[in-house]
>>> print(open('run-v2.cif').read())   # mmCIF, C-alpha atoms (C1' of nucleotides)
data_coords
#
loop_
_atom_site.label_atom_id
_atom_site.label_comp_id
_atom_site.auth_asym_id
_atom_site.auth_seq_id
_atom_site.Cartn_x
_atom_site.Cartn_y
_atom_site.Cartn_z
CA MET A 1233 153.25 118.82 74.88
CA THR A 1234 152.50 122.51 74.50
CA LEU A 1235 153.94 125.23 76.68
CA THR A 1236 150.44 126.12 77.78
CA HIS A 1237 149.97 122.55 78.94
CA ILE A 1238 153.28 122.65 80.78
CA TYR A 1239 152.27 125.91 82.41
CA GLU A 1240 148.90 124.59 83.51
CA THR A 1241 150.35 121.31 84.75
CA LEU A 1242 153.00 123.02 86.84
CA PHE A 1243 150.59 125.67 88.10
CA GLY A 1244 148.16 122.92 89.07
CA ALA A 1245 150.87 121.01 90.88
CA TYR A 1246 152.68 123.84 92.67
CA GLY A 1247 150.27 126.77 92.62
CA PRO A 1248 151.29 130.39 92.22
CA GLN A 1249 154.92 131.02 93.18
CA GLY A 1250 154.68 134.70 93.91
CA TRP A 1251 158.09 135.71 92.63
CA TRP A 1252 160.32 137.73 92.97
CA PRO A 1253 161.39 136.97 96.58
CA LEU A 1254 161.77 140.04 98.81
CA LEU A 1255 163.49 140.24 102.17
CA GLY A 1256 160.64 142.04 103.86
CA VAL A 1257 157.89 139.73 102.66
CA ALA A 1258 157.24 136.66 104.77
CA GLY A 1259 157.42 133.35 102.98
CA THR A 1260 154.06 131.69 102.84
CA ASN A 1261 154.54 129.53 99.78
CA PRO A 1262 153.30 126.02 100.57
CA THR A 1263 155.34 124.50 97.73
CA LYS A 1264 158.65 126.04 98.62
CA THR A 1265 161.71 123.89 98.38
CA GLY A 1266 164.64 124.42 100.65
CA ALA A 1267 165.56 127.75 102.13
CA ILE A 1268 163.91 130.00 99.61
CA ARG A 1269 161.71 132.64 101.23
CA GLY A 1270 160.22 135.99 100.46
CA TYR A 1271 157.09 135.15 98.56
CA HIS A 1272 153.97 137.19 97.93
CA VAL A 1273 151.81 134.40 96.59
CA GLY A 1274 148.99 135.46 94.32
CA ASP A 1275 149.76 139.16 94.79
CA TYR A 1276 151.10 140.77 91.63
CA SER A 1277 151.26 144.33 92.91
CA PHE A 1278 155.01 144.10 93.45
CA PRO A 1279 157.32 145.92 93.62
CA ARG A 1280 155.35 148.28 95.82
CA ASN A 1281 157.98 151.01 95.92
CA ASP A 1282 161.37 152.01 94.64
CA ALA A 1283 163.25 150.26 97.43
CA GLU A 1284 161.69 146.95 96.48
CA ARG A 1285 162.36 147.61 92.82
CA PHE A 1286 166.05 148.15 93.45
CA GLU A 1287 166.21 145.12 95.75
CA ILE A 1288 164.88 142.95 92.93
CA CYS A 1289 167.45 144.34 90.51
CA ALA A 1290 170.28 143.82 93.00
CA GLY A 1291 169.09 140.28 93.62
CA ALA A 1292 169.02 139.60 89.89
CA ILE A 1293 172.70 140.49 89.71
CA LEU A 1294 173.69 138.66 92.87
CA THR A 1295 171.93 135.45 91.87
CA GLN A 1296 173.98 134.99 88.70
CA ASN A 1297 175.08 131.36 88.81
CA THR A 1298 174.44 131.35 92.55
CA ALA A 1299 171.96 129.62 94.87
CA TRP A 1300 169.34 131.96 96.30
CA PRO A 1301 170.07 131.37 100.02
CA ASN A 1302 173.54 132.80 99.44
CA VAL A 1303 172.04 135.77 97.64
CA GLU A 1304 169.67 136.35 100.52
CA ARG A 1305 172.61 136.48 102.95
CA ALA A 1306 174.26 139.14 100.84
CA LEU A 1307 171.06 141.17 100.50
CA ARG A 1308 170.46 140.95 104.23
CA ALA A 1309 173.99 142.12 104.95
CA LEU A 1310 173.36 145.16 102.76
CA ALA A 1311 169.95 145.82 104.31
CA ASP A 1312 171.32 145.50 107.84
CA ARG A 1313 173.83 148.24 107.05
CA ASN A 1314 171.15 150.30 105.37
CA VAL A 1315 172.98 150.29 102.02
CA LEU A 1316 170.51 148.27 99.95
CA SER A 1317 169.85 151.28 97.73
CA PRO A 1318 171.61 152.94 94.79
CA GLN A 1319 172.96 155.66 97.08
CA GLY A 1320 173.99 153.09 99.67
CA VAL A 1321 175.83 150.95 97.16
CA LEU A 1322 177.60 153.97 95.70
CA SER A 1323 178.57 155.19 99.15
CA LEU A 1324 180.76 152.14 99.67
CA ALA A 1325 184.23 151.56 98.29
CA GLN A 1326 184.20 148.55 96.00
CA PRO A 1327 186.30 146.32 98.34
CA ASP A 1328 184.01 147.12 101.27
CA LEU A 1329 180.96 146.32 99.17
CA ALA A 1330 182.65 143.07 98.12
CA THR A 1331 183.14 142.10 101.76
CA LEU A 1332 179.46 142.66 102.52
CA ILE A 1333 178.24 140.50 99.64
CA ARG A 1334 180.87 137.82 100.19
CA ALA A 1335 178.33 135.02 100.71
CA SER A 1336 176.91 135.40 97.22
CA GLY A 1337 180.15 134.34 95.57
CA TYR A 1338 182.08 136.13 92.80
CA PHE A 1339 182.09 138.99 95.26
CA ASN A 1340 184.67 141.15 93.51
CA ALA A 1341 182.97 140.94 90.15
CA LYS A 1342 179.52 141.40 91.69
CA ALA A 1343 180.63 144.39 93.73
CA ARG A 1344 181.64 146.09 90.51
CA LYS A 1345 178.41 145.00 88.84
CA LEU A 1346 176.30 146.40 91.68
CA ARG A 1347 178.12 149.72 91.54
CA GLU A 1348 177.81 149.98 87.78
CA PHE A 1349 174.14 149.17 87.99
CA ALA A 1350 173.51 151.56 90.89
CA ALA A 1351 174.96 154.40 88.83
CA PHE A 1352 172.81 153.42 85.87
CA TYR A 1353 169.73 153.11 88.06
CA THR A 1354 170.26 156.56 89.54
CA GLY A 1355 170.51 157.99 86.04
CA LEU A 1356 167.14 156.51 85.16
CA ALA A 1357 165.42 158.94 87.49
CA GLY A 1358 162.46 156.62 87.86
CA GLN A 1359 162.07 155.88 84.17
CA VAL A 1360 161.68 152.32 82.91
CA PRO A 1361 164.92 151.28 81.18
CA THR A 1362 164.92 149.71 77.74
CA ARG A 1363 166.32 146.22 77.38
CA ALA A 1364 169.10 147.54 75.18
CA ALA A 1365 170.07 150.09 77.82
CA LEU A 1366 170.19 147.39 80.48
CA LEU A 1367 172.38 145.20 78.28
CA ASP A 1368 174.83 148.09 77.94
CA VAL A 1369 175.42 148.03 81.69
CA TRP A 1370 178.54 146.03 82.54
CA GLY A 1371 177.48 142.88 84.34
CA VAL A 1372 173.93 142.78 83.01
CA GLY A 1373 173.38 140.05 80.42
CA PRO A 1374 170.20 138.78 78.75
CA GLU A 1375 168.79 136.81 81.67
CA THR A 1376 169.55 139.47 84.25
CA ALA A 1377 168.03 142.17 82.06
CA ASP A 1378 164.88 140.16 81.45
CA SER A 1379 164.57 139.27 85.15
CA MET A 1380 164.73 142.96 86.03
CA LEU A 1381 162.22 143.93 83.35
CA LEU A 1382 159.79 141.15 84.22
CA TYR A 1383 159.90 141.27 88.02
CA ALA A 1384 161.06 144.79 88.86
CA TYR A 1385 159.37 146.68 86.04
CA GLY A 1386 156.36 144.54 85.20
CA GLN A 1387 157.27 144.21 81.53
CA GLU A 1388 156.29 141.05 79.63
CA GLU A 1389 159.81 139.80 78.94
CA MET A 1390 160.29 136.04 79.03
CA VAL A 1391 163.16 134.95 81.27
CA VAL A 1392 165.28 132.06 80.03
CA ASP A 1393 167.66 130.39 82.43
CA ALA A 1394 169.60 127.16 82.76
CA TYR A 1395 166.54 125.41 84.17
CA THR A 1396 164.37 126.52 81.26
CA ARG A 1397 166.89 125.06 78.83
CA ARG A 1398 167.23 121.89 80.84
CA ILE A 1399 163.51 121.18 81.00
CA LEU A 1400 162.59 122.24 77.47
CA GLY A 1401 165.66 120.45 76.15
CA HIS A 1402 164.76 117.28 77.98
CA LEU A 1403 161.27 117.44 76.52
CA ARG A 1404 162.90 117.96 73.11
CA LEU A 1405 161.06 121.21 72.58
CA VAL A 1406 164.28 123.13 72.00
CA LYS A 1407 167.76 122.10 70.98
CA PRO A 1408 170.26 122.02 73.85
CA VAL A 1409 172.52 124.38 71.89
CA ALA A 1410 169.80 126.94 71.11
CA ASP A 1411 170.91 130.44 72.08
CA TYR A 1412 169.15 132.69 74.56
CA ASP A 1413 167.02 134.68 72.15
CA THR A 1414 165.95 131.58 70.25
CA VAL A 1415 164.59 129.93 73.38
CA LYS A 1416 163.04 133.21 74.49
CA ARG A 1417 161.17 133.67 71.21
CA PHE A 1418 160.11 130.02 71.27
CA CYS A 1419 158.42 130.55 74.64
CA ALA A 1420 157.05 134.00 73.91
CA ARG A 1421 155.36 132.81 70.73
CA ARG A 1422 153.59 129.97 72.52
CA LEU A 1423 152.32 131.56 75.70
CA PRO A 1424 149.84 134.40 76.13
CA CYS A 1425 151.62 137.71 76.55
CA ASP A 1426 150.52 138.25 80.11
CA LEU A 1427 152.50 139.50 83.07
CA VAL A 1428 151.18 136.89 85.50
CA VAL A 1429 151.81 134.07 83.04
CA TYR A 1430 155.35 135.22 82.35
CA GLN A 1431 156.21 135.71 86.00
CA GLU A 1432 154.72 132.41 87.09
CA PHE A 1433 156.04 130.43 84.13
CA HIS A 1434 159.65 131.20 84.93
CA ALA A 1435 159.17 130.67 88.67
CA LEU A 1436 157.32 127.39 88.10
CA LEU A 1437 160.08 126.06 85.84
CA VAL A 1438 162.64 126.85 88.53
CA GLU A 1439 160.55 125.14 91.19
CA HIS A 1440 160.02 122.11 88.98
CA ALA A 1441 163.68 121.88 87.99
CA LYS A 1442 164.77 122.05 91.60
CA ARG A 1443 162.55 119.11 92.35
CA HIS A 1444 163.24 116.89 89.36
CA TYR A 1445 166.14 118.17 87.27
CA GLN A 1446 168.94 118.39 89.79
CA ARG A 1447 170.83 115.32 88.69
CA MET A 1448 171.02 113.17 85.58
CA PRO A 1449 169.34 111.10 84.40
CA TYR A 1450 166.17 113.16 84.63
CA ALA A 1451 162.94 111.36 85.44
CA ASP A 1452 160.20 113.92 85.11
CA PRO A 1453 157.01 112.61 86.78
CA LEU A 1454 154.79 115.43 85.51
CA LEU A 1455 155.88 116.34 82.02
CA ARG A 1456 156.74 114.40 78.94
"C1'" DA B 705 184.53 115.16 98.48
"C1'" DA B 706 183.34 116.36 94.01
"C1'" DC B 707 179.72 118.81 92.06
"C1'" DC B 708 176.78 122.60 91.18
"C1'" DA B 709 173.89 126.88 91.79
"C1'" DG B 710 167.85 131.23 88.87
"C1'" DG B 711 175.44 134.07 84.35
"C1'" DA B 712 178.42 137.30 82.30
"C1'" DC B 713 182.72 138.72 80.52
"C1'" DG B 714 187.30 138.35 78.16
"C1'" DT B 715 190.05 135.94 75.12
"C1'" DG B 716 191.71 133.35 71.16
"C1'" DA B 717 190.59 130.71 67.33
"C1'" DT C 183 180.23 133.32 65.92
"C1'" DC C 184 181.96 129.96 69.30
"C1'" DA C 185 184.24 127.40 72.72
"C1'" DC C 186 186.60 127.82 76.86
"C1'" DG C 187 188.63 129.82 81.13
"C1'" DT C 188 187.57 132.87 85.02
"C1'" DC C 189 185.13 134.50 88.90
"C1'" DA C 190 184.03 132.11 94.52
"C1'" DT C 191 180.84 130.93 98.42
"C1'" DG C 192 178.02 127.43 100.54
"C1'" DG C 193 174.85 123.36 100.34
"C1'" DT C 194 174.38 118.36 99.14
#
>>> encode(input="run-v2.cif", output="structure tokens")
Amino acid sequence: MTLTHIYETLFGAYGPQGWWPLLGVAGTNPTKTGAIRGYHVGDYSFPRNDAERFEICAGAILTQNTAWPNVERALRALADRNVLSPQGVLSLAQPDLATLIRASGYFNAKARKLREFAAFYTGLAGQVPTRAALLDVWGVGPETADSMLLYAYGQEEMVVDAYTRRILGHLRLVKPVADYDTVKRFCARRLPCDLVVYQEFHALLVEHAKRHYQRMPYADPLLR
DNA sequence: AACCAGGACGTGA
DNA sequence: TCACGTCATGGT
């Protein structure tokens, strides 16, 4: 079972996922599970502007260990108040920001993370951040940094998350204890370095895991 | 009604 | 390094 085969199998089964979800983009994904919306299936021209870029980054922080529908509530609360922007986030006192993003969980920690990131983002002045610079921001770890680079900045950085580990571990392609960078290199070495492939691969693994890796014991009907 | 979700950080060994 | 506790809402 090669990663290319996994990719093609999942792509054949679910089709393009069109990540990252955006509030202003209607969900048209025929394979969507649950309440997830905001797809732009088959269109890889995103983000189309700076507002969408920041929304993706904010979502990457808010979705840490959190289900997307809750993240969407928080993002919508920010958008409704017209503060889903670096300036908007920084205009709020941290407790007020925390109240707005309450639904996403860990709201105190995430309010601080959003503010730290908004300040960093402003300092970028439109430049693409390096991975190392992102990792220096408090609240941005490896997965969050790679999600931002891959989906907000169009950089070919493989995203490894709990689902990636779960699926690849179940298929015995990686050890369950392998660290982030080990799994990342494993994937990067075996898939073509292509933006579409990277974006879809991560999204497809999430979709597949949501369908078949929610509860033990796993019985994967597609991969083995 | 426990269990978990597209993690990251701080601490003590 | 590494294992473990902490942060917290909402769906199943």
>>> residues_around(input="run-v2.cif", residues="stretch 1296-1312 of chain A", least_positions_apart="5", cutoff="10 Å", atoms="all atoms listed in the file", output="PyMOL selection string")
(chain A and resi 1253-1256+1266-1270+1287-1288+1290-1291+1317+1320-1321+1329-1339+1342+1371-1373+1375-1376+1393-1394) or (chain B and resi 708-712) or (chain C and resi 190-193)
>>> write_last_selection(input="run-v2.cif", atoms="C-alpha atoms (C1' of nucleotides)", output="tab-separated table (two decimals), in the coordinates of the input")
chain	number	residue	atom	x	y	z
A	1253	PRO	CA	161.39	136.97	96.58
A	1254	LEU	CA	161.77	140.04	98.81
A	1255	LEU	CA	163.49	140.24	102.17
A	1256	GLY	CA	160.64	142.04	103.86
A	1266	GLY	CA	164.64	124.42	100.65
A	1267	ALA	CA	165.56	127.75	102.13
A	1268	ILE	CA	163.91	130.00	99.61
A	1269	ARG	CA	161.71	132.64	101.23
A	1270	GLY	CA	160.22	135.99	100.46
A	1287	GLU	CA	166.21	145.12	95.75
A	1288	ILE	CA	164.88	142.95	92.93
A	1290	ALA	CA	170.28	143.82	93.00
A	1291	GLY	CA	169.09	140.28	93.62
A	1317	SER	CA	169.85	151.28	97.73
A	1320	GLY	CA	173.99	153.09	99.67
A	1321	VAL	CA	175.83	150.95	97.16
A	1329	LEU	CA	180.96	146.32	99.17
A	1330	ALA	CA	182.65	143.07	98.12
A	1331	THR	CA	183.14	142.10	101.76
A	1332	LEU	CA	179.46	142.66	102.52
A	1333	ILE	CA	178.24	140.50	99.64
A	1334	ARG	CA	180.87	137.82	100.19
A	1335	ALA	CA	178.33	135.02	100.71
A	1336	SER	CA	176.91	135.40	97.22
A	1337	GLY	CA	180.15	134.34	95.57
A	1338	TYR	CA	182.08	136.13	92.80
A	1339	PHE	CA	182.09	138.99	95.26
A	1342	LYS	CA	179.52	141.40	91.69
A	1371	GLY	CA	177.48	142.88	84.34
A	1372	VAL	CA	173.93	142.78	83.01
A	1373	GLY	CA	173.38	140.05	80.42
A	1375	GLU	CA	168.79	136.81	81.67
A	1376	THR	CA	169.55	139.47	84.25
A	1393	ASP	CA	167.66	130.39	82.43
A	1394	ALA	CA	169.60	127.16	82.76
B	708	DC	C1'	176.78	122.60	91.18
B	709	DA	C1'	173.89	126.88	91.79
B	710	DG	C1'	167.85	131.23	88.87
B	711	DG	C1'	175.44	134.07	84.35
B	712	DA	C1'	178.42	137.30	82.30
C	190	DA	C1'	184.03	132.11	94.52
C	191	DT	C1'	180.84	130.93	98.42
C	192	DG	C1'	178.02	127.43	100.54
C	193	DG	C1'	174.85	123.36	100.34
>>> residues_near_point(input="run-v2.cif", point="(163.9, 125.6, 83.5)", cutoff="9 Å", atoms="only C-alpha atoms (C1' of nucleotides)", output="CSV table (one decimal) with C-alpha atoms (C1' of nucleotides), keeping the file's coordinate frame")
chain,number,residue,atom,x,y,z
A,1392,VAL,CA,165.3,132.1,80.0
A,1393,ASP,CA,167.7,130.4,82.4
A,1394,ALA,CA,169.6,127.2,82.8
A,1395,TYR,CA,166.5,125.4,84.2
A,1396,THR,CA,164.4,126.5,81.3
A,1397,ARG,CA,166.9,125.1,78.8
A,1398,ARG,CA,167.2,121.9,80.8
A,1399,ILE,CA,163.5,121.2,81.0
A,1400,LEU,CA,162.6,122.2,77.5
A,1434,HIS,CA,159.6,131.2,84.9
A,1435,ALA,CA,159.2,130.7,88.7
A,1436,LEU,CA,157.3,127.4,88.1
A,1437,LEU,CA,160.1,126.1,85.8
A,1438,VAL,CA,162.6,126.8,88.5
A,1439,GLU,CA,160.6,125.1,91.2
A,1440,HIS,CA,160.0,122.1,89.0
A,1441,ALA,CA,163.7,121.9,88.0
A,1442,LYS,CA,164.8,122.0,91.6
A,1445,TYR,CA,166.1,118.2,87.3
B,710,DG,C1',167.8,131.2,88.9
>>> resolve_selection(input="run-v2.cif", expression="the PyMOL selection byres ((chain C and resi 188) around 10)", output="list in words")
DC713 and DG714 of chain B; DC186, DG187 and DC189 of chain C
>>> atom_distance(input="run-v2.cif", atom1="atom CA of A:Val1257", atom2="atom CA of A:Ala1351")
26.4 Å
>>> atom_distance(input="run-v2.cif", atom1="atom CA of A:Gly1250", atom2="atom CA of A:Trp1370")
28.8 Å
>>> residues_around(input="run-v2.cif", residues="C:DC184", least_positions_apart="2", cutoff="12 Å", atoms="only C-alpha atoms (C1' of nucleotides)", output="VMD selection string")
(chain A and resid 1409 1411) or (chain B and resid 715 to 717) or (chain C and resid 186)
>>> atom_distance(input="run-v2.cif", atom1="atom CA of A:Leu1346", atom2="atom CA of A:Gln1326")
9.3 Å
>>> closest_residue(input="run-v2.cif", among="A:Ser1277, A:Thr1362, A:Gln1446, A:Asn1314", to="B:DC707", atoms="only C-alpha atoms (C1' of nucleotides)")
A:Gln1446
>>> resolve_selection(input="run-v2.cif", expression="the PyMOL selection byres ((chain A and resi 1276) around 10)", output="JSON, numbers by chain")
{"A": [1250, 1251, 1252, 1272, 1273, 1274, 1275, 1277, 1278, 1279, 1280, 1383, 1386, 1427, 1428, 1431]}
>>> axis_aligned_box(input="run-v2.cif", around="stretch 183-188 of chain C", padding_each_side="5 Å", output="AutoDock Vina command-line options")
--center_x 184.4 --center_y 130.4 --center_z 75.5 --size_x 18.4 --size_y 15.9 --size_z 29.1
>>> closest_residue(input="run-v2.cif", among="A:Met1233, A:Ala1325, A:Ala1341, A:Phe1243", to="chain C", atoms="only C-alpha atoms (C1' of nucleotides)")
A:Ala1341
>>> closest_residue(input="run-v2.cif", among="A:Leu1294, A:Ala1283, A:Ile1238, A:Ala1420", to="chain C", atoms="all atoms listed in the file")
A:Leu1294
>>> build_atoms(input="run-v2.cif", residues="stretch 1403-1434 of chain A", atoms="N, CA and C atoms", output="PDB file, in the frame of the given file")
ATOM      1  N   LEU A1403     162.542 117.747  77.183  1.00  0.00           N
ATOM      2  CA  LEU A1403     161.270 117.440  76.520  1.00  0.00           C
ATOM      3  C   LEU A1403     161.393 117.541  75.004  1.00  0.00           C
ATOM      4  N   ARG A1404     162.599 117.857  74.545  1.00  0.00           N
ATOM      5  CA  ARG A1404     162.900 117.960  73.110  1.00  0.00           C
ATOM      6  C   ARG A1404     162.075 119.030  72.429  1.00  0.00           C
ATOM      7  N   LEU A1405     161.786 120.084  73.172  1.00  0.00           N
ATOM      8  CA  LEU A1405     161.060 121.210  72.580  1.00  0.00           C
ATOM      9  C   LEU A1405     162.041 122.215  71.990  1.00  0.00           C
ATOM     10  N   VAL A1406     163.225 122.276  72.559  1.00  0.00           N
ATOM     11  CA  VAL A1406     164.280 123.130  72.000  1.00  0.00           C
ATOM     12  C   VAL A1406     165.568 122.319  71.934  1.00  0.00           C
ATOM     13  N   LYS A1407     166.457 122.751  71.041  1.00  0.00           N
ATOM     14  CA  LYS A1407     167.760 122.100  70.980  1.00  0.00           C
ATOM     15  C   LYS A1407     168.612 122.568  72.162  1.00  0.00           C
ATOM     16  N   PRO A1408     169.420 121.665  72.693  1.00  0.00           N
ATOM     17  CA  PRO A1408     170.260 122.020  73.850  1.00  0.00           C
ATOM     18  C   PRO A1408     171.198 123.178  73.548  1.00  0.00           C
ATOM     19  N   VAL A1409     171.549 123.355  72.262  1.00  0.00           N
ATOM     20  CA  VAL A1409     172.520 124.380  71.890  1.00  0.00           C
ATOM     21  C   VAL A1409     171.857 125.697  71.497  1.00  0.00           C
ATOM     22  N   ALA A1410     170.504 125.725  71.514  1.00  0.00           N
ATOM     23  CA  ALA A1410     169.800 126.940  71.110  1.00  0.00           C
ATOM     24  C   ALA A1410     170.235 128.131  71.967  1.00  0.00           C
ATOM     25  N   ASP A1411     170.445 129.276  71.315  1.00  0.00           N
ATOM     26  CA  ASP A1411     170.910 130.440  72.080  1.00  0.00           C
ATOM     27  C   ASP A1411     169.755 131.099  72.834  1.00  0.00           C
ATOM     28  N   TYR A1412     170.116 132.076  73.661  1.00  0.00           N
ATOM     29  CA  TYR A1412     169.150 132.690  74.560  1.00  0.00           C
ATOM     30  C   TYR A1412     167.912 133.216  73.839  1.00  0.00           C
ATOM     31  N   ASP A1413     168.149 134.031  72.810  1.00  0.00           N
ATOM     32  CA  ASP A1413     167.020 134.680  72.150  1.00  0.00           C
ATOM     33  C   ASP A1413     166.143 133.692  71.395  1.00  0.00           C
ATOM     34  N   THR A1414     166.734 132.614  70.927  1.00  0.00           N
ATOM     35  CA  THR A1414     165.950 131.580  70.250  1.00  0.00           C
ATOM     36  C   THR A1414     164.965 130.930  71.219  1.00  0.00           C
ATOM     37  N   VAL A1415     165.458 130.548  72.385  1.00  0.00           N
ATOM     38  CA  VAL A1415     164.590 129.930  73.380  1.00  0.00           C
ATOM     39  C   VAL A1415     163.539 130.928  73.866  1.00  0.00           C
ATOM     40  N   LYS A1416     163.965 132.163  74.031  1.00  0.00           N
ATOM     41  CA  LYS A1416     163.040 133.210  74.490  1.00  0.00           C
ATOM     42  C   LYS A1416     161.888 133.398  73.509  1.00  0.00           C
ATOM     43  N   ARG A1417     162.219 133.498  72.223  1.00  0.00           N
ATOM     44  CA  ARG A1417     161.170 133.670  71.210  1.00  0.00           C
ATOM     45  C   ARG A1417     160.267 132.445  71.139  1.00  0.00           C
ATOM     46  N   PHE A1418     160.886 131.260  71.283  1.00  0.00           N
ATOM     47  CA  PHE A1418     160.110 130.020  71.270  1.00  0.00           C
ATOM     48  C   PHE A1418     159.014 130.071  72.341  1.00  0.00           C
ATOM     49  N   CYS A1419     159.389 130.491  73.538  1.00  0.00           N
ATOM     50  CA  CYS A1419     158.420 130.550  74.640  1.00  0.00           C
ATOM     51  C   CYS A1419     157.411 131.669  74.433  1.00  0.00           C
ATOM     52  N   ALA A1420     157.918 132.829  74.040  1.00  0.00           N
ATOM     53  CA  ALA A1420     157.050 134.000  73.910  1.00  0.00           C
ATOM     54  C   ALA A1420     155.970 133.784  72.851  1.00  0.00           C
ATOM     55  N   ARG A1421     156.319 133.048  71.802  1.00  0.00           N
ATOM     56  CA  ARG A1421     155.360 132.810  70.730  1.00  0.00           C
ATOM     57  C   ARG A1421     154.258 131.843  71.147  1.00  0.00           C
ATOM     58  N   ARG A1422     154.522 131.034  72.166  1.00  0.00           N
ATOM     59  CA  ARG A1422     153.590 129.970  72.520  1.00  0.00           C
ATOM     60  C   ARG A1422     152.804 130.178  73.802  1.00  0.00           C
ATOM     61  N   LEU A1423     153.071 131.278  74.484  1.00  0.00           N
ATOM     62  CA  LEU A1423     152.320 131.560  75.700  1.00  0.00           C
ATOM     63  C   LEU A1423     151.645 132.921  75.556  1.00  0.00           C
ATOM     64  N   PRO A1424     150.496 133.094  76.189  1.00  0.00           N
ATOM     65  CA  PRO A1424     149.840 134.400  76.130  1.00  0.00           C
ATOM     66  C   PRO A1424     150.728 135.477  76.731  1.00  0.00           C
ATOM     67  N   CYS A1425     150.788 136.609  76.056  1.00  0.00           N
ATOM     68  CA  CYS A1425     151.620 137.710  76.550  1.00  0.00           C
ATOM     69  C   CYS A1425     150.935 138.362  77.731  1.00  0.00           C
ATOM     70  N   ASP A1426     151.205 137.826  78.897  1.00  0.00           N
ATOM     71  CA  ASP A1426     150.520 138.250  80.110  1.00  0.00           C
ATOM     72  C   ASP A1426     151.519 138.272  81.256  1.00  0.00           C
ATOM     73  N   LEU A1427     151.506 139.335  82.014  1.00  0.00           N
ATOM     74  CA  LEU A1427     152.500 139.500  83.070  1.00  0.00           C
ATOM     75  C   LEU A1427     152.488 138.350  84.077  1.00  0.00           C
ATOM     76  N   VAL A1428     151.286 137.975  84.519  1.00  0.00           N
ATOM     77  CA  VAL A1428     151.180 136.890  85.500  1.00  0.00           C
ATOM     78  C   VAL A1428     151.720 135.590  84.913  1.00  0.00           C
ATOM     79  N   VAL A1429     151.345 135.300  83.683  1.00  0.00           N
ATOM     80  CA  VAL A1429     151.810 134.070  83.040  1.00  0.00           C
ATOM     81  C   VAL A1429     153.330 134.068  82.928  1.00  0.00           C
ATOM     82  N   TYR A1430     153.890 135.153  82.493  1.00  0.00           N
ATOM     83  CA  TYR A1430     155.350 135.220  82.350  1.00  0.00           C
ATOM     84  C   TYR A1430     156.055 135.066  83.698  1.00  0.00           C
ATOM     85  N   GLN A1431     155.566 135.779  84.684  1.00  0.00           N
ATOM     86  CA  GLN A1431     156.210 135.710  86.000  1.00  0.00           C
ATOM     87  C   GLN A1431     156.101 134.314  86.598  1.00  0.00           C
ATOM     88  N   GLU A1432     154.915 133.740  86.505  1.00  0.00           N
ATOM     89  CA  GLU A1432     154.720 132.410  87.090  1.00  0.00           C
ATOM     90  C   GLU A1432     155.421 131.318  86.281  1.00  0.00           C
ATOM     91  N   PHE A1433     155.423 131.462  84.976  1.00  0.00           N
ATOM     92  CA  PHE A1433     156.040 130.430  84.130  1.00  0.00           C
ATOM     93  C   PHE A1433     157.509 130.238  84.502  1.00  0.00           C
ATOM     94  N   HIS A1434     158.228 131.305  84.574  1.00  0.00           N
ATOM     95  CA  HIS A1434     159.650 131.200  84.930  1.00  0.00           C
ATOM     96  C   HIS A1434     159.823 130.623  86.340  1.00  0.00           C
TER      97      HIS A1434
END
